[in-house]
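*Asks:* This is the content of work31.cif (mmCIF, C-alpha atoms):
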```
data_model
loop_
_atom_site.group_PDB
_atom_site.id
_atom_site.type_symbol
_atom_site.label_atom_id
_atom_site.label_comp_id
_atom_site.auth_asym_id
_atom_site.auth_seq_id
_atom_site.Cartn_x
_atom_site.Cartn_y
_atom_site.Cartn_z
ATOM 1 C CA MET A 165 0.000 0.000 0.000
ATOM 2 C CA SER A 166 1.381 3.433 -0.856
ATOM 3 C CA GLY A 167 2.422 5.768 1.906
ATOM 4 C CA ASP A 168 -0.047 8.510 1.042
ATOM 5 C CA THR A 169 -2.912 6.284 2.176
ATOM 6 C CA CYS A 170 -1.673 6.245 5.755
ATOM 7 C CA LEU A 171 -3.071 8.654 8.304
ATOM 8 C CA GLY A 172 -0.166 11.086 8.361
ATOM 9 C CA SER A 173 3.401 10.672 9.506
ATOM 10 C CA ALA A 174 2.338 10.255 13.104
ATOM 11 C CA LEU A 175 0.630 6.969 12.146
ATOM 12 C CA CYS A 176 3.449 5.651 9.914
ATOM 13 C CA PRO A 177 6.531 5.575 12.147
ATOM 14 C CA ALA A 178 9.912 4.527 10.881
ATOM 15 C CA ALA A 179 10.885 0.891 10.821
ATOM 16 C CA GLY A 180 12.014 -0.433 14.167
ATOM 17 C CA HIS A 181 9.856 1.872 16.232
ATOM 18 C CA LYS A 182 7.565 0.452 18.878
ATOM 19 C CA PRO A 183 3.771 0.901 18.637
ATOM 20 C CA LYS A 184 3.004 4.522 19.200
ATOM 21 C CA ALA A 185 -0.104 6.303 20.402
ATOM 22 C CA GLY A 186 -1.208 9.442 18.686
ATOM 23 C CA GLY A 187 -4.185 11.614 17.842
ATOM 24 C CA LEU A 188 -5.979 11.668 14.497
ATOM 25 C CA LYS A 189 -7.996 14.255 12.631
ATOM 26 C CA GLY A 190 -9.940 12.787 9.784
ATOM 27 C CA SER A 191 -11.447 15.922 8.216
ATOM 28 C CA SER A 192 -8.943 15.939 5.359
ATOM 29 C CA LEU A 193 -8.569 12.168 5.138
ATOM 30 C CA GLY A 194 -12.179 11.040 4.745
ATOM 31 C CA ASN A 195 -11.571 9.267 1.435
ATOM 32 C CA LYS A 196 -8.128 7.918 2.316
ATOM 33 C CA TYR A 197 -7.782 4.244 3.043
ATOM 34 C CA VAL A 198 -6.576 3.187 6.471
ATOM 35 C CA ARG A 199 -5.129 -0.132 7.533
ATOM 36 C CA LEU A 200 -6.575 -1.828 10.590
ATOM 37 C CA ASN A 201 -5.166 -4.756 12.540
ATOM 38 C CA VAL A 202 -8.038 -6.105 14.634
ATOM 39 C CA GLY A 203 -6.811 -8.957 16.802
ATOM 40 C CA GLY A 204 -4.529 -10.160 14.016
ATOM 41 C CA SER A 205 -7.109 -9.824 11.222
ATOM 42 C CA LEU A 206 -6.225 -7.111 8.672
ATOM 43 C CA TYR A 207 -8.795 -4.772 7.132
ATOM 44 C CA TYR A 208 -8.714 -1.824 4.697
ATOM 45 C CA THR A 209 -11.375 0.884 4.879
ATOM 46 C CA THR A 210 -11.752 4.670 4.868
ATOM 47 C CA VAL A 211 -12.118 7.212 7.617
ATOM 48 C CA GLN A 212 -15.412 8.209 6.023
ATOM 49 C CA VAL A 213 -16.847 4.751 6.701
ATOM 50 C CA LEU A 214 -15.486 4.624 10.225
ATOM 51 C CA THR A 215 -16.985 8.018 11.120
ATOM 52 C CA ARG A 216 -20.422 7.688 9.487
ATOM 53 C CA HIS A 217 -22.153 6.743 12.726
ATOM 54 C CA ASP A 218 -21.736 8.106 16.234
ATOM 55 C CA THR A 219 -19.775 5.162 17.597
ATOM 56 C CA MET A 220 -16.535 4.502 19.393
ATOM 57 C CA LEU A 221 -14.854 4.097 15.999
ATOM 58 C CA LYS A 222 -15.876 7.634 15.095
ATOM 59 C CA ALA A 223 -14.314 8.863 18.331
ATOM 60 C CA MET A 224 -11.110 6.968 17.494
ATOM 61 C CA PHE A 225 -10.800 8.294 13.951
ATOM 62 C CA SER A 226 -11.930 11.880 14.463
ATOM 63 C CA GLY A 227 -9.180 12.842 16.891
ATOM 64 C CA ARG A 228 -11.147 12.427 20.127
ATOM 65 C CA MET A 229 -9.293 9.268 21.139
ATOM 66 C CA GLU A 230 -5.738 8.105 20.804
ATOM 67 C CA VAL A 231 -4.977 5.326 18.354
ATOM 68 C CA LEU A 232 -2.120 2.864 18.512
ATOM 69 C CA THR A 233 -0.073 1.912 15.445
ATOM 70 C CA ASP A 234 2.666 -0.623 14.811
ATOM 71 C CA LYS A 235 5.956 -0.053 13.000
ATOM 72 C CA GLU A 236 4.323 -0.668 9.613
ATOM 73 C CA GLY A 237 1.547 1.823 10.162
ATOM 74 C CA TRP A 238 -1.261 -0.607 10.921
ATOM 75 C CA ILE A 239 -3.731 0.817 13.410
ATOM 76 C CA LEU A 240 -4.111 -1.682 16.244
ATOM 77 C CA ILE A 241 -7.474 -2.554 17.797
ATOM 78 C CA ASP A 242 -7.297 -5.095 20.583
ATOM 79 C CA ARG A 243 -10.484 -7.040 19.788
ATOM 80 C CA CYS A 244 -11.348 -10.280 18.030
ATOM 81 C CA GLY A 245 -11.387 -9.639 14.302
ATOM 82 C CA LYS A 246 -13.779 -12.460 13.385
ATOM 83 C CA HIS A 247 -16.825 -10.201 12.943
ATOM 84 C CA PHE A 248 -15.142 -6.883 12.212
ATOM 85 C CA GLY A 249 -15.784 -7.229 8.475
ATOM 86 C CA THR A 250 -19.509 -7.545 9.232
ATOM 87 C CA ILE A 251 -19.299 -4.431 11.395
ATOM 88 C CA LEU A 252 -17.659 -2.489 8.536
ATOM 89 C CA ASN A 253 -20.418 -3.621 6.174
ATOM 90 C CA TYR A 254 -23.026 -2.338 8.609
ATOM 91 C CA LEU A 255 -21.252 1.015 8.859
ATOM 92 C CA ARG A 256 -21.233 1.248 5.045
ATOM 93 C CA ASP A 257 -24.801 0.119 4.291
ATOM 94 C CA ASP A 258 -26.764 0.465 7.554
ATOM 95 C CA THR A 259 -27.851 -3.154 7.158
ATOM 96 C CA ILE A 260 -26.302 -6.613 6.931
ATOM 97 C CA ALA A 261 -27.240 -10.267 6.578
ATOM 98 C CA LEU A 262 -26.891 -11.668 10.073
ATOM 99 C CA PRO A 263 -25.256 -15.057 10.717
ATOM 100 C CA LYS A 264 -27.548 -18.088 10.826
ATOM 101 C CA HIS A 265 -26.389 -19.510 14.141
ATOM 102 C CA ARG A 266 -27.378 -18.047 17.501
ATOM 103 C CA GLN A 267 -23.850 -18.259 18.887
ATOM 104 C CA GLU A 268 -22.414 -16.187 16.052
ATOM 105 C CA ILE A 269 -25.174 -13.599 16.448
ATOM 106 C CA LYS A 270 -24.310 -13.354 20.143
ATOM 107 C CA GLU A 271 -20.626 -12.880 19.283
ATOM 108 C CA LEU A 272 -21.465 -10.143 16.765
ATOM 109 C CA MET A 273 -23.721 -8.403 19.273
ATOM 110 C CA ALA A 274 -20.921 -8.399 21.849
ATOM 111 C CA GLU A 275 -18.628 -6.652 19.346
ATOM 112 C CA ALA A 276 -21.358 -4.182 18.391
ATOM 113 C CA LYS A 277 -21.827 -3.309 22.058
ATOM 114 C CA TYR A 278 -18.108 -2.741 22.450
ATOM 115 C CA TYR A 279 -17.989 -0.358 19.479
ATOM 116 C CA LEU A 280 -21.256 1.308 20.652
ATOM 117 C CA ILE A 281 -23.123 0.548 17.407
ATOM 118 C CA GLN A 282 -26.647 0.587 18.808
ATOM 119 C CA GLY A 283 -28.439 -0.084 15.516
ATOM 120 C CA LEU A 284 -26.529 -3.328 15.030
ATOM 121 C CA VAL A 285 -27.134 -4.305 18.655
ATOM 122 C CA ASP A 286 -30.874 -3.881 18.111
ATOM 123 C CA MET A 287 -30.749 -6.028 14.969
ATOM 124 C CA CYS A 288 -28.966 -8.820 16.818
ATOM 125 C CA GLN A 289 -31.376 -8.723 19.746
ATOM 126 C CA ALA A 290 -34.399 -8.902 17.437
ATOM 127 C CA ALA A 291 -32.877 -11.832 15.541
ATOM 128 C CA LEU A 292 -32.135 -13.720 18.737
ATOM 129 C CA GLN A 293 -35.705 -13.268 19.924
ATOM 130 C CA ASP A 294 -37.074 -14.483 16.591
ATOM 131 C CA LYS A 295 -34.855 -17.555 16.686
ATOM 132 C CA LYS A 296 -35.922 -18.274 20.259
ATOM 133 C CA ASP A 297 -39.569 -18.233 19.206
ATOM 134 C CA LEU A 298 -38.808 -20.273 16.080
ATOM 135 C CA TYR A 299 -36.910 -23.029 17.878
ATOM 136 C CA GLU A 300 -39.101 -23.266 20.958
ATOM 137 C CA PRO A 301 -39.334 -27.032 21.559
ATOM 138 C CA VAL A 302 -42.716 -28.602 20.935
ATOM 139 C CA CYS A 303 -42.171 -31.240 23.594
ATOM 140 C CA SER A 304 -39.499 -31.631 26.268
ATOM 141 C CA ILE A 305 -38.841 -35.124 27.663
ATOM 142 C CA PRO A 306 -36.928 -35.327 30.967
ATOM 143 C CA ILE A 307 -34.473 -38.224 31.253
ATOM 144 C CA ILE A 308 -34.233 -39.701 34.741
ATOM 145 C CA THR A 309 -30.762 -39.666 36.279
ATOM 146 C CA SER A 310 -31.612 -40.960 39.758
ATOM 147 C CA PRO A 311 -34.540 -42.456 41.720
ATOM 148 C CA LYS A 312 -34.795 -39.270 43.795
ATOM 149 C CA GLU A 313 -35.147 -37.175 40.666
ATOM 150 C CA GLU A 314 -37.888 -39.482 39.389
ATOM 151 C CA GLU A 315 -39.759 -39.267 42.676
ATOM 152 C CA ARG A 316 -39.464 -35.483 42.726
ATOM 153 C CA LEU A 317 -40.702 -35.144 39.141
ATOM 154 C CA ILE A 318 -43.725 -37.336 39.706
ATOM 155 C CA GLU A 319 -44.726 -35.760 43.021
ATOM 156 C CA SER A 320 -44.368 -32.198 41.755
ATOM 157 C CA SER A 321 -46.164 -32.726 38.447
ATOM 158 C CA MET A 322 -49.690 -31.369 38.160
ATOM 159 C CA LYS A 323 -50.180 -33.628 35.138
ATOM 160 C CA PRO A 324 -50.488 -37.398 34.882
ATOM 161 C CA VAL A 325 -47.144 -39.069 34.175
ATOM 162 C CA VAL A 326 -46.158 -41.749 31.671
ATOM 163 C CA LYS A 327 -42.680 -43.233 32.070
ATOM 164 C CA LEU A 328 -40.869 -45.546 29.684
ATOM 165 C CA LEU A 329 -37.956 -47.498 31.111
ATOM 166 C CA TYR A 330 -35.739 -49.153 28.521
ATOM 167 C CA ASN A 331 -32.288 -50.561 29.069
ATOM 168 C CA ARG A 332 -31.243 -53.212 26.593
ATOM 169 C CA SER A 333 -28.024 -54.012 28.475
ATOM 170 C CA ASN A 334 -29.972 -55.472 31.436
ATOM 171 C CA ASN A 335 -30.494 -58.762 29.617
ATOM 172 C CA LYS A 336 -28.935 -61.950 31.032
ATOM 173 C CA TYR A 337 -29.779 -64.075 27.998
ATOM 174 C CA SER A 338 -29.824 -63.638 24.263
ATOM 175 C CA TYR A 339 -32.790 -61.877 22.649
ATOM 176 C CA THR A 340 -35.325 -63.486 20.396
ATOM 177 C CA SER A 341 -35.278 -62.498 16.737
ATOM 178 C CA ASN A 342 -38.040 -59.872 16.974
ATOM 179 C CA SER A 343 -37.049 -58.361 20.310
ATOM 180 C CA ASP A 344 -34.914 -55.530 18.961
ATOM 181 C CA ASP A 345 -37.651 -54.473 16.546
ATOM 182 C CA ASN A 346 -40.237 -54.546 19.311
ATOM 183 C CA LEU A 347 -38.010 -52.494 21.601
ATOM 184 C CA LEU A 348 -37.698 -49.845 18.890
ATOM 185 C CA LYS A 349 -41.474 -49.929 18.377
ATOM 186 C CA ASN A 350 -41.993 -49.209 22.080
ATOM 187 C CA ILE A 351 -39.630 -46.247 21.880
ATOM 188 C CA GLU A 352 -41.300 -44.943 18.713
ATOM 189 C CA LEU A 353 -44.746 -45.237 20.310
ATOM 190 C CA PHE A 354 -43.501 -43.312 23.341
ATOM 191 C CA ASP A 355 -42.292 -40.503 21.054
ATOM 192 C CA LYS A 356 -45.612 -40.388 19.190
ATOM 193 C CA LEU A 357 -47.649 -40.313 22.394
ATOM 194 C CA SER A 358 -45.448 -37.587 23.876
ATOM 195 C CA LEU A 359 -46.027 -35.385 20.810
ATOM 196 C CA ARG A 360 -49.770 -36.001 20.891
ATOM 197 C CA PHE A 361 -50.414 -35.558 24.614
ATOM 198 C CA ASN A 362 -47.465 -33.402 25.767
ATOM 199 C CA GLY A 363 -49.779 -30.592 26.864
ATOM 200 C CA ARG A 364 -51.786 -32.912 29.101
ATOM 201 C CA VAL A 365 -49.333 -35.596 30.248
ATOM 202 C CA LEU A 366 -45.752 -35.446 31.492
ATOM 203 C CA PHE A 367 -43.666 -38.038 29.629
ATOM 204 C CA ILE A 368 -40.332 -39.094 31.116
ATOM 205 C CA LYS A 369 -37.647 -41.572 30.090
ATOM 206 C CA ASP A 370 -35.616 -43.841 32.325
ATOM 207 C CA VAL A 371 -32.485 -45.487 30.920
ATOM 208 C CA ILE A 372 -30.877 -46.557 34.208
ATOM 209 C CA GLY A 373 -33.561 -48.817 35.699
ATOM 210 C CA ASP A 374 -33.451 -52.553 36.247
ATOM 211 C CA GLU A 375 -35.988 -53.565 33.588
ATOM 212 C CA ILE A 376 -35.414 -53.995 29.858
ATOM 213 C CA CYS A 377 -38.655 -52.401 28.665
ATOM 214 C CA CYS A 378 -41.390 -51.299 31.029
ATOM 215 C CA TRP A 379 -44.109 -48.644 30.964
ATOM 216 C CA SER A 380 -45.389 -46.995 34.152
ATOM 217 C CA PHE A 381 -48.450 -44.768 34.491
ATOM 218 C CA TYR A 382 -48.991 -42.281 37.333
ATOM 219 C CA GLY A 383 -51.831 -40.041 38.438
ATOM 220 C CA GLN A 384 -51.984 -37.638 41.369
ATOM 221 C CA GLY A 385 -48.511 -38.719 42.454
ATOM 222 C CA ARG A 386 -49.165 -42.471 42.668
ATOM 223 C CA LYS A 387 -48.581 -45.367 40.295
ATOM 224 C CA LEU A 388 -51.762 -46.525 38.587
ATOM 225 C CA ALA A 389 -50.547 -49.208 36.218
ATOM 226 C CA GLU A 390 -47.442 -50.888 34.880
ATOM 227 C CA VAL A 391 -46.934 -52.703 31.573
ATOM 228 C CA CYS A 392 -43.850 -54.904 31.491
ATOM 229 C CA CYS A 393 -42.942 -55.814 27.922
ATOM 230 C CA THR A 394 -40.368 -58.542 28.574
ATOM 231 C CA SER A 395 -40.575 -62.230 29.396
ATOM 232 C CA ILE A 396 -38.353 -65.294 29.433
ATOM 233 C CA VAL A 397 -39.015 -67.969 26.823
ATOM 234 C CA TYR A 398 -37.432 -71.403 26.552
ATOM 235 C CA ALA A 399 -35.645 -72.372 23.358
ATOM 236 C CA THR A 400 -33.732 -75.579 22.751
ATOM 237 C CA GLU A 401 -31.330 -76.018 25.692
ATOM 238 C CA LYS A 402 -31.322 -72.311 26.525
ATOM 239 C CA LYS A 403 -33.390 -69.395 27.742
ATOM 240 C CA GLN A 404 -34.059 -66.261 25.745
ATOM 241 C CA THR A 405 -35.485 -62.866 26.549
ATOM 242 C CA LYS A 406 -38.491 -61.800 24.531
ATOM 243 C CA VAL A 407 -39.556 -58.148 24.169
ATOM 244 C CA GLU A 408 -43.195 -57.619 23.227
ATOM 245 C CA PHE A 409 -45.029 -54.602 21.822
ATOM 246 C CA PRO A 410 -48.486 -54.476 23.483
ATOM 247 C CA GLU A 411 -49.592 -51.378 21.584
ATOM 248 C CA ALA A 412 -53.289 -51.570 22.422
ATOM 249 C CA ARG A 413 -52.613 -52.002 26.147
ATOM 250 C CA ILE A 414 -50.239 -49.035 26.203
ATOM 251 C CA TYR A 415 -52.766 -46.830 24.428
ATOM 252 C CA GLU A 416 -55.456 -47.883 26.890
ATOM 253 C CA GLU A 417 -53.379 -47.107 29.965
ATOM 254 C CA THR A 418 -52.300 -43.760 28.497
ATOM 255 C CA LEU A 419 -55.931 -42.782 27.989
ATOM 256 C CA ASN A 420 -56.746 -43.954 31.505
ATOM 257 C CA VAL A 421 -54.227 -41.564 33.086
ATOM 258 C CA LEU A 422 -55.988 -38.657 31.381
ATOM 259 C CA LEU A 423 -58.706 -39.141 33.976
ATOM 260 C CA TYR A 424 -56.245 -37.819 36.544
ATOM 261 C CA GLU A 425 -55.666 -34.437 34.948
ATOM 262 C CA THR A 426 -56.162 -31.350 37.092
ATOM 263 C CA PRO A 427 -58.384 -30.595 38.932
ATOM 264 C CA ARG A 428 -56.815 -33.035 41.321
ATOM 265 C CA VAL A 429 -60.061 -34.947 41.940
ATOM 266 C CA PRO A 430 -60.853 -37.160 38.911
ATOM 267 C CA ASP A 431 -64.288 -37.254 37.332
ATOM 268 C CA ASN A 432 -66.094 -40.069 39.138
ATOM 269 C CA SER A 433 -68.399 -40.739 36.192
ATOM 270 C CA LEU A 434 -65.420 -41.236 33.901
ATOM 271 C CA LEU A 435 -63.741 -43.476 36.419
ATOM 272 C CA GLU A 436 -66.873 -45.578 36.690
ATOM 273 C CA ALA A 437 -67.305 -45.767 32.915
ATOM 274 C CA THR A 438 -63.751 -46.926 32.298
ATOM 275 C CA SER A 439 -63.281 -49.235 35.257
ATOM 276 C CA ARG A 440 -63.361 -52.954 34.534
ATOM 277 C CA SER A 441 -65.115 -53.898 37.734
ATOM 278 C CA ARG A 442 -66.791 -52.102 40.580
ATOM 279 C CA SER A 443 -65.605 -52.094 44.112
ATOM 280 C CA GLN A 444 -67.581 -54.363 46.412
ATOM 281 C CA ALA A 445 -70.490 -52.584 48.024
ATOM 282 C CA SER A 446 -69.550 -53.882 51.440
ATOM 283 C CA HIS A 447 -66.314 -51.840 51.544
ATOM 284 C CA SER A 448 -66.428 -48.753 53.673
ATOM 285 C CA GLU A 449 -65.357 -45.364 52.283
ATOM 286 C CA ASP A 450 -62.057 -45.646 54.128
ATOM 287 C CA ASP A 451 -61.424 -49.091 52.718
ATOM 288 C CA GLU A 452 -62.222 -47.851 49.224
ATOM 289 C CA GLY A 453 -59.822 -44.929 49.606
ATOM 290 C CA PHE A 454 -57.088 -47.240 50.872
ATOM 291 C CA GLU A 455 -57.697 -49.668 48.023
ATOM 292 C CA LEU A 456 -57.612 -46.940 45.368
ATOM 293 C CA ARG A 457 -54.406 -45.564 46.793
ATOM 294 C CA ASP A 458 -52.522 -48.845 47.023
ATOM 295 C CA ARG A 459 -53.714 -50.817 44.022
ATOM 296 C CA VAL A 460 -51.469 -50.890 40.955
ATOM 297 C CA ARG A 461 -52.369 -52.765 37.807
ATOM 298 C CA ARG A 462 -49.334 -54.724 36.657
ATOM 299 C CA ILE A 463 -49.699 -56.174 33.209
ATOM 300 C CA HIS A 464 -46.998 -58.611 32.151
ATOM 301 C CA VAL A 465 -46.768 -59.606 28.526
ATOM 302 C CA LYS A 466 -46.254 -63.276 27.777
ATOM 303 C CA ARG A 467 -45.655 -65.012 24.525
ATOM 304 C CA TYR A 468 -48.902 -64.309 22.708
ATOM 305 C CA SER A 469 -51.154 -62.664 25.231
ATOM 306 C CA THR A 470 -51.285 -60.208 28.102
ATOM 307 C CA TYR A 471 -52.814 -60.725 31.477
ATOM 308 C CA ASP A 472 -53.143 -58.981 34.832
ATOM 309 C CA ASP A 473 -51.348 -60.717 37.667
ATOM 310 C CA ARG A 474 -53.752 -59.142 40.165
ATOM 311 C CA GLN A 475 -57.513 -59.203 39.996
ATOM 312 C CA LEU A 476 -59.008 -55.747 39.743
ATOM 313 C CA GLY A 477 -61.342 -54.863 42.529
ATOM 314 C CA HIS A 478 -59.305 -56.749 45.157
#
```
Could you show the structure in this file as structure tokens?
*Replies:*
Amino acid sequence: MSGDTCLGSALCPAAGHKPKAGGLKGSSLGNKYVRLNVGGSLYYTTVQVLTRHDTMLKAMFSGRMEVLTDKEGWILIDRCGKHFGTILNYLRDDTIALPKHRQEIKELMAEAKYYLIQGLVDMCQAALQDKKDLYEPVCSIPIITSPKEEERLIESSMKPVVKLLYNRSNNKYSYTSNSDDNLLKNIELFDKLSLRFNGRVLFIKDVIGDEICCWSFYGQGRKLAEVCCTSIVYATEKKQTKVEFPEARIYEETLNVLLYETPRVPDNSLLEATSRSRSQASHSEDDEGFELRDRVRRIHVKRYSTYDDRQLGH
């Protein structure tokens, strides 16, 4: 670059000199190119661009602030130079195409705040808000990390809870040929149900439990039903673990927990309509309350059918 593009002799010291601070008056140099070293990234621009807006750069290049130059005449700015080109484009055109990623927008906004470029700060803030609204998750699924966390989630939830426990590594024996497919079908059904009922039911995953594949259903802080999808089958001279996919049963129990939505007291008519058997008339109200609180339907899937291992109503 020719010497007449530098900002005067004060900014182009002789070779061997250390970086030197000096003032700058840009009134006669508005169309002259200047050389900027921003954190190791080199840029060429004019004083006219740098002083278009009332920013810290205008203060630097209009004589109100000292600037530091190196021995080759590069004006030193001790900031990251990654987004400085974007900042120059904004100073030239009053608008820019913002980066696509939130992190880069945050980085650019930090630089704009440093240089006191309020218009660019406002653009970045608006873009971040738009992206937040755009990427708001439709459904969030907590993953259990400890029994205490599970207990806390269930007790504090105002919604019914559906939990899927799956842990393929818990198996002691080999799996049957369809077990892996059925395990994936259980996981896929859980995802579909969570998208459909996420506003009404809290869905949680457990990958550290002792079962291989097991669904649990909770209402008002207590367990209502459990569907275990695994069983042991006997092959020639060995045992195998079989994973089932009782889709209809899972759908039924998921719909049942909807009866326990807030308000906290379930609709008695719905409970009566969906119950499989009525409580014995001879039970007192206290006995009925105790029974409702302690009874859990546990459905274990066998080879070709499902059955309850406890009679309902007892």
*Asks:* Atom CA of A:Cys288 and atom CA of A:Met273, how far apart in Å?
*Replies:* 5.8 Å
*Asks:* Tell me which protein, DNA and RNA residues are within 10 Å of A:Phe248, counting all atoms listed in the file, leaving out same-chain ones fewer than 3 positions away, and put them as a list of chain:residue names.
*Replies:*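 In the requested form, the answer reads A:Val202, A:Gly203, A:Ser205, A:Leu206, A:Tyr207, A:Arg243, A:Cys244, A:Gly245, A:Ile251, A:Leu252, A:Asn253, A:Tyr254, A:Leu272, A:Glu275, A:Ala276.
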*Asks:* Excluding stretch 410-422 of chain A and residues on its chain fewer than 2 positions from it, collect all residues at most 7 Å away from it, counting all atoms listed in the file, and give them as a PDB file with C-alpha atoms, in the coordinates of the input.
*Replies:*
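The resulting file, part-v5.pdb, is reproduced below:
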```
ATOM      1  CA  PRO A 324     -50.488 -37.398  34.882  1.00  0.00           C
ATOM      2  CA  PHE A 381     -48.450 -44.768  34.491  1.00  0.00           C
ATOM      3  CA  TYR A 382     -48.991 -42.281  37.333  1.00  0.00           C
ATOM      4  CA  GLY A 383     -51.831 -40.041  38.438  1.00  0.00           C
ATOM      5  CA  GLU A 408     -43.195 -57.619  23.227  1.00  0.00           C
ATOM      6  CA  TYR A 424     -56.245 -37.819  36.544  1.00  0.00           C
ATOM      7  CA  GLU A 425     -55.666 -34.437  34.948  1.00  0.00           C
TER       8      GLU A 425
END
```
*Asks:* Exactly which residues make up the result of the PyMOL selection byres ((chain A and resi 314) around 12) on this file, given as a VMD selection string?
*Replies:* chain A and resid 306 to 313 315 to 321 325 to 329 366 to 373 380 382 385
*Asks:* Figure out the distance between atom CA of A:Asn331 and atom CA of A:Asp374, please, to one decimal in Å.
*Replies:* 7.5 Å
*Asks:* Please indicate the distance in Å from atom CA of A:Lys264 to atom CA of A:Arg199, rounded to one decimal place.
*Replies:*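 Separation between atom CA of A:Lys264 and atom CA of A:Arg199: 28.9 Å.
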*Asks:* Selection in question (the file shown): the PyMOL selection byres ((chain A and resi 200) around 12). Which residues does it include, as a PyMOL selection string?
*Replies:* chain A and resi 170-171+175+197-199+201-211+214+221+225+231-234+236-243+245+248-249+252
*Asks:* Show me, as a list in words, the residues that have an atom within 12 Å of A:Ser343 when counting only C-alpha atoms, minus same-chain residues fewer than 4 positions from it.
*Replies:*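 Residues near the query, excluding close chain neighbours: Arg332, Asn335, Ser338, Tyr339, Leu347, Leu348, Lys349, Asn350, Ile376, Cys377, Cys393, Thr394, Ser395, Ile396, Val397, Gln404, Thr405, Lys406, Val407, Glu408, Phe409 and Arg467 of chain A.
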*Asks:* Please provide the set of residues having any atom within 10 Å of A:Cys303, restricted to all atoms listed in the file, with same-chain residues fewer than 3 positions apart removed, written as a VMD selection string.
*Replies:* chain A and resid 300 306 355 358 to 363 366 to 367
*Asks:* Restrict the selected residues to C-alpha atoms and save them as a PDB file, keeping the file's coordinate frame.
*Replies:*
```pdb
ATOM      1  CA  GLU A 300     -39.101 -23.266  20.958  1.00  0.00           C
ATOM      2  CA  PRO A 306     -36.928 -35.327  30.967  1.00  0.00           C
ATOM      3  CA  ASP A 355     -42.292 -40.503  21.054  1.00  0.00           C
ATOM      4  CA  SER A 358     -45.448 -37.587  23.876  1.00  0.00           C
ATOM      5  CA  LEU A 359     -46.027 -35.385  20.810  1.00  0.00           C
ATOM      6  CA  ARG A 360     -49.770 -36.001  20.891  1.00  0.00           C
ATOM      7  CA  PHE A 361     -50.414 -35.558  24.614  1.00  0.00           C
ATOM      8  CA  ASN A 362     -47.465 -33.402  25.767  1.00  0.00           C
ATOM      9  CA  GLY A 363     -49.779 -30.592  26.864  1.00  0.00           C
ATOM     10  CA  LEU A 366     -45.752 -35.446  31.492  1.00  0.00           C
ATOM     11  CA  PHE A 367     -43.666 -38.038  29.629  1.00  0.00           C
TER      12      PHE A 367
END
```
*Asks:* Would you pick out the contacts of stretch 291-293 of chain A at 10 Å or less, using all atoms listed in the file, so that residues sharing its chain but fewer than 4 positions from it are not included, and give the list as JSON, numbers by chain?
*Replies:* {"A": [262, 263, 264, 265, 266, 267, 269, 270, 273, 285, 286, 287, 297, 298]}
*Asks:* Save the residues we just selected, C-alpha atoms, as a PDB file, in the frame of the given file?
*Replies:*
```pdb
ATOM      1  CA  LEU A 262     -26.891 -11.668  10.073  1.00  0.00           C
ATOM      2  CA  PRO A 263     -25.256 -15.057  10.717  1.00  0.00           C
ATOM      3  CA  LYS A 264     -27.548 -18.088  10.826  1.00  0.00           C
ATOM      4  CA  HIS A 265     -26.389 -19.510  14.141  1.00  0.00           C
ATOM      5  CA  ARG A 266     -27.378 -18.047  17.501  1.00  0.00           C
ATOM      6  CA  GLN A 267     -23.850 -18.259  18.887  1.00  0.00           C
ATOM      7  CA  ILE A 269     -25.174 -13.599  16.448  1.00  0.00           C
ATOM      8  CA  LYS A 270     -24.310 -13.354  20.143  1.00  0.00           C
ATOM      9  CA  MET A 273     -23.721  -8.403  19.273  1.00  0.00           C
ATOM     10  CA  VAL A 285     -27.134  -4.305  18.655  1.00  0.00           C
ATOM     11  CA  ASP A 286     -30.874  -3.881  18.111  1.00  0.00           C
ATOM     12  CA  MET A 287     -30.749  -6.028  14.969  1.00  0.00           C
ATOM     13  CA  ASP A 297     -39.569 -18.233  19.206  1.00  0.00           C
ATOM     14  CA  LEU A 298     -38.808 -20.273  16.080  1.00  0.00           C
TER      15      LEU A 298
END
```
*Asks:* Go through A:Trp379, A:Lys336, A:Thr219, A:Thr426 one by one, measure the shortest atom-to-atom distance of each to A:Leu353 using only C-alpha atoms, and give the residue with the smallest value.
*Replies:*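 When distances to A:Leu353 are compared using only C-alpha atoms, the smallest one comes from A:Trp379.
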*Asks:* Which is closest to A:Thr340 among A:Lys403, A:Lys356, A:Lys323, A:Arg364, if we use all atoms listed in the file?
*Replies:*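 The shortest atom-to-atom distance to A:Thr340 comes from A:Lys403.
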*Asks:* Taking into account all atoms listed in the file, which residue in the set A:Cys392, A:Leu255, A:Ile305, A:Met322 is nearest to A:Phe354?
*Replies:*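 Of all the options, A:Ile305 lies closest to A:Phe354.
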*Asks:* Just need the box for stretch 378-384 of chain A, edges along x, y and z, holding every atom the file lists for it with 6 Å tacked onto each side, so centre and edge lengths in Å to one decimal, as lines of an AutoDock Vina configuration file.
*Replies:*
```
center_x = -46.7
center_y = -44.5
center_z = 36.2
size_x = 22.6
size_y = 25.7
size_z = 22.4
```
